[in-house]
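*Asks:* First the structure, then my questions, so here it is.
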Amino acid sequence: MSDDRLDANDAVCATSPRLVIEIISLFPEVFTSFLQASLLGKAIASGLIAVERTNPRDFSPGRHRQVDDSPYGGGPGMVLRPDSVAAAIDDAENRRGRAHRLLLSPSGRLFDQKCAADLAARKRIMLICGRYEGVDERIAQLYADQSVSIGDYVLAGGEVAAAVIIEATARLVPGVLGCGESVVEESFSAGRLEFPQWTRPPIFRELGVPEVLLSGNHAEVARWRRREALRRTLLYRPNLIDRYPLTEEERAMLAELEGTA
Ligand code: 6GU
């Protein structure tokens, strides 16, 4: 196959990107290699997704470019001042227009696959990264459309959380994944963890591959996978069963699993 022909994975260069991602961060260089690699790198190179980074430090008043200060009321650590963050947001939006603004904070609401799908359907999103002990609350009051956390642990800043949100969102933008890759039959989309996968070699360190996967019986394979997905979900994420109740087939599978446990 000739190399210069477009294949299904190459997005045709669009006149305007499907999604613009604005990052507000004191450490914009953290994103550089992440934005160049793999699917995301290709989506940006083809113009399907655009990413802009704006640094509040470039907008901080005063000679010392100080972006943080000690918290009113006392306590340890430093808080990001609202003025430089606000100026960075305004500058970004003056260039590209109003975005759906997310403030990244461990005290925000939990980011999940549904949030990713919601963001992927938008034209412009903005990820505002905090650092230090947090961002002055007036940024949440005046600017944030929502506050988002990626999990129950504390990061030193929002940058890694922003990378997580960018990756989860970008792959849902139409044209970012190749035709071979499906976004529908995956973990969480159906409320179940992903079933396990095997590939060559058929024997690795004396371990083989489940017989059914070599059978060529597609219906049997599909049923086996649904059962293994259920098994994992029960083991690691039983709370998902409450949110996405058992189907009739799964009820039968559960009986099978209990018999073999
Ligand atoms: Cl969005 N930021 C920080 N600093 N820590 C986190 C987080 C965000 N989500 C989980 N932990």
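Here, A, B, ... name the chains of the structure tokens in the order displayed, residue numbers run from 1 inside each chain, and ligands are numbered from 1 in the same displayed order.
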Hey, which residues come within 12 Å of ligand 1 if we count only C-alpha atoms and all ligand atoms? Could you give them as a PyMOL selection string?
*Replies:* chain A and resi 102-112+127-135+146-165
*Asks:* May I have the residues within 10 Å of Thr233 of chain A as an MDAnalysis selection string, using only C-alpha atoms and disregarding those fewer than 4 positions away in the same chain?
*Replies:* chainID A and resid 187 191:195 227:229 237:241
*Asks:* To test your reading of the structure, identify every residue in segment 42-250 of chain A that backbone DSSP assigns to alpha helix (DSSP H), and report it as a PyMOL selection string.
*Replies:* chain A and resi 42-45+82-96+113-120+137-142+159-170+218-236+239-243+248-250
*Asks:* Among segment 25-238 of chain A, which residues carry a DSSP assignment of strand (DSSP E), reported as a PyMOL selection string?
*Replies:* chain A and resi 49-54+68-69+79-80+100-110+124-129+146-149
*Asks:* Mind giving me the straight-line distance from atom CA of Gly47 of chain A to atom CA of Phe59 of chain A in Å, one decimal?
*Replies:*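 Rounded to one decimal, the two atoms are 28.0 Å apart.
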*Asks:* Which residue, A:Val85, A:Ile24, A:Arg18, A:Glu256, has the smallest gap to Ala121 of chain A when you use only C-alpha atoms?
*Replies:*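 Once distances to Ala121 of chain A are computed over only C-alpha atoms, the minimum belongs to A:Arg18.
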*Asks:* Quick one, how far is atom CA of Val51 of chain A from atom CA of Met78 of chain A?
*Replies:* 28.3 Å
*Asks:* Quick one: residues within 6 Å of Leu80 of chain A, only C-alpha atoms counted, chain neighbours fewer than 6 positions away excluded, as a list in words?
*Replies:*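 So, after excluding close chain neighbours, the residues are Val67, Asp68, Val135 and Asp136 of chain A.
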*Asks:* Can you tell me which residues surround Leu48 of chain A at a distance of at most 6 Å, considering only C-alpha atoms, apart from same-chain residues fewer than 4 positions away, and format the answer as an mmCIF file with C-alpha atoms, in the first residue's frame?
*Replies:*
```cif
data_model
loop_
_atom_site.group_PDB
_atom_site.id
_atom_site.type_symbol
_atom_site.label_atom_id
_atom_site.label_comp_id
_atom_site.auth_asym_id
_atom_site.auth_seq_id
_atom_site.Cartn_x
_atom_site.Cartn_y
_atom_site.Cartn_z
ATOM 1 C CA PRO A 17 -11.122 21.470 14.559
ATOM 2 C CA ARG A 18 -13.919 19.297 15.958
ATOM 3 C CA ALA A 43 -5.526 14.017 15.864
ATOM 4 C CA ILE A 44 -3.706 17.272 16.604
#
```
*Asks:* Using only C-alpha atoms, determine which residues lie at most 12 Å from Glu167 of chain A, disregarding the query and same-chain residues fewer than 2 positions distant; provide the list as a VMD selection string.
*Replies:* chain A and resid 21 31 34 to 41 43 49 113 116 to 117 119 to 120 160 to 165 169 to 173 176 to 177
*Asks:* Could the residues in this selection be saved with N, CA, C and O atoms as a CSV table (one decimal), in the first residue's frame?
*Replies:*
```csv
chain,number,residue,atom,x,y,z
A,21,ILE,N,-9.2,22.4,22.8
A,21,ILE,CA,-9.0,22.2,24.2
A,21,ILE,C,-8.0,23.3,24.7
A,21,ILE,O,-6.9,23.4,24.2
A,31,PHE,N,2.8,19.0,29.3
A,31,PHE,CA,1.9,18.4,28.3
A,31,PHE,C,2.6,18.0,27.0
A,31,PHE,O,2.0,17.3,26.1
A,34,PHE,N,3.2,14.3,25.8
A,34,PHE,CA,1.9,13.7,25.9
A,34,PHE,C,1.0,14.1,24.7
A,34,PHE,O,0.4,13.2,24.1
A,35,LEU,N,1.1,15.3,24.3
A,35,LEU,CA,0.3,15.8,23.2
A,35,LEU,C,0.8,15.4,21.8
A,35,LEU,O,0.1,15.5,20.8
A,36,GLN,N,2.0,14.9,21.8
A,36,GLN,CA,2.6,14.5,20.5
A,36,GLN,C,2.5,13.0,20.2
A,36,GLN,O,2.6,12.5,19.1
A,37,ALA,N,2.2,12.2,21.2
A,37,ALA,CA,2.3,10.7,21.1
A,37,ALA,C,1.0,10.2,20.5
A,37,ALA,O,-0.1,10.7,20.8
A,38,SER,N,1.1,9.1,19.8
A,38,SER,CA,0.0,8.2,19.5
A,38,SER,C,-1.2,8.9,18.8
A,38,SER,O,-1.1,9.8,18.0
A,39,LEU,N,-2.4,8.4,19.2
A,39,LEU,CA,-3.7,8.8,18.6
A,39,LEU,C,-3.9,10.3,18.7
A,39,LEU,O,-4.3,11.0,17.8
A,40,LEU,N,-3.6,10.8,19.9
A,40,LEU,CA,-3.8,12.3,20.2
A,40,LEU,C,-2.8,13.1,19.3
A,40,LEU,O,-3.3,14.1,18.8
A,41,GLY,N,-1.6,12.7,19.2
A,41,GLY,CA,-0.6,13.4,18.4
A,41,GLY,C,-1.1,13.5,16.9
A,41,GLY,O,-1.1,14.5,16.3
A,43,ALA,N,-4.3,13.2,15.9
A,43,ALA,CA,-5.5,14.0,15.9
A,43,ALA,C,-5.2,15.5,15.9
A,43,ALA,O,-5.8,16.3,15.2
A,49,ILE,N,-8.2,18.0,16.3
A,49,ILE,CA,-8.3,18.5,17.7
A,49,ILE,C,-7.2,19.6,17.8
A,49,ILE,O,-6.1,19.4,17.2
A,113,GLN,N,-16.8,8.2,32.5
A,113,GLN,CA,-16.9,8.1,31.1
A,113,GLN,C,-18.1,8.9,30.5
A,113,GLN,O,-18.0,9.4,29.4
A,116,ALA,N,-16.7,12.3,30.0
A,116,ALA,CA,-15.9,12.3,28.8
A,116,ALA,C,-16.7,12.5,27.6
A,116,ALA,O,-16.4,13.3,26.7
A,117,ALA,N,-17.8,11.7,27.5
A,117,ALA,CA,-18.7,11.8,26.3
A,117,ALA,C,-19.3,13.1,26.2
A,117,ALA,O,-19.4,13.7,25.1
A,119,LEU,N,-18.0,16.0,27.2
A,119,LEU,CA,-17.0,16.9,26.8
A,119,LEU,C,-16.7,16.7,25.3
A,119,LEU,O,-16.4,17.7,24.6
A,120,ALA,N,-16.7,15.5,24.9
A,120,ALA,CA,-16.3,15.2,23.5
A,120,ALA,C,-17.3,15.7,22.5
A,120,ALA,O,-17.0,16.0,21.3
A,160,VAL,N,-1.7,16.5,35.6
A,160,VAL,CA,-1.9,15.0,35.3
A,160,VAL,C,-3.4,14.7,35.1
A,160,VAL,O,-3.8,14.0,34.2
A,161,ALA,N,-4.2,15.3,36.0
A,161,ALA,CA,-5.7,15.1,35.9
A,161,ALA,C,-6.1,15.7,34.5
A,161,ALA,O,-7.0,15.0,33.8
A,162,ALA,N,-5.6,16.8,34.1
A,162,ALA,CA,-6.0,17.4,32.8
A,162,ALA,C,-5.6,16.4,31.6
A,162,ALA,O,-6.4,16.2,30.7
A,163,ALA,N,-4.4,15.8,31.8
A,163,ALA,CA,-4.0,14.8,30.7
A,163,ALA,C,-5.0,13.6,30.7
A,163,ALA,O,-5.3,13.1,29.6
A,164,VAL,N,-5.4,13.2,31.8
A,164,VAL,CA,-6.4,12.0,31.9
A,164,VAL,C,-7.7,12.4,31.2
A,164,VAL,O,-8.2,11.7,30.4
A,165,ILE,N,-8.1,13.6,31.5
A,165,ILE,CA,-9.4,14.1,30.9
A,165,ILE,C,-9.3,14.3,29.4
A,165,ILE,O,-10.2,13.9,28.6
A,169,THR,N,-11.4,12.0,26.7
A,169,THR,CA,-12.3,12.8,25.9
A,169,THR,C,-11.9,12.7,24.4
A,169,THR,O,-12.8,12.5,23.5
A,170,ALA,N,-10.6,12.9,24.1
A,170,ALA,CA,-10.2,13.0,22.7
A,170,ALA,C,-10.6,11.7,21.9
A,170,ALA,O,-11.0,11.8,20.8
A,171,ARG,N,-10.4,10.5,22.5
A,171,ARG,CA,-10.7,9.3,21.8
A,171,ARG,C,-12.1,9.1,21.5
A,171,ARG,O,-12.5,8.2,20.7
A,172,LEU,N,-13.0,9.9,22.1
A,172,LEU,CA,-14.4,9.8,21.8
A,172,LEU,C,-14.9,10.8,20.7
A,172,LEU,O,-16.0,10.8,20.3
A,173,VAL,N,-13.9,11.7,20.3
A,173,VAL,CA,-14.2,12.7,19.2
A,173,VAL,C,-14.2,11.9,17.9
A,173,VAL,O,-13.3,11.2,17.6
A,176,VAL,N,-11.1,10.3,15.7
A,176,VAL,CA,-9.9,10.1,16.4
A,176,VAL,C,-9.4,8.7,16.4
A,176,VAL,O,-8.3,8.3,16.2
A,177,LEU,N,-10.4,7.8,16.7
A,177,LEU,CA,-10.1,6.4,16.7
A,177,LEU,C,-10.2,5.9,15.3
A,177,LEU,O,-11.0,6.3,14.5
```
*Asks:* Tell me, as an NGL selection string, which residues lie within 10 Å of segment 247-249 of chain A, counting only C-alpha atoms; anything in the same chain fewer than 2 positions away does not count.
*Replies:* :A and (223 or 226-227 or 244-245 or 251-254)
*Asks:* In terms of the shortest atom-to-atom distance over only C-alpha atoms, which of A:Leu257, A:Arg63, A:Ala140, A:Asn55 is closest to Leu235 of chain A?
*Replies:* A:Leu257
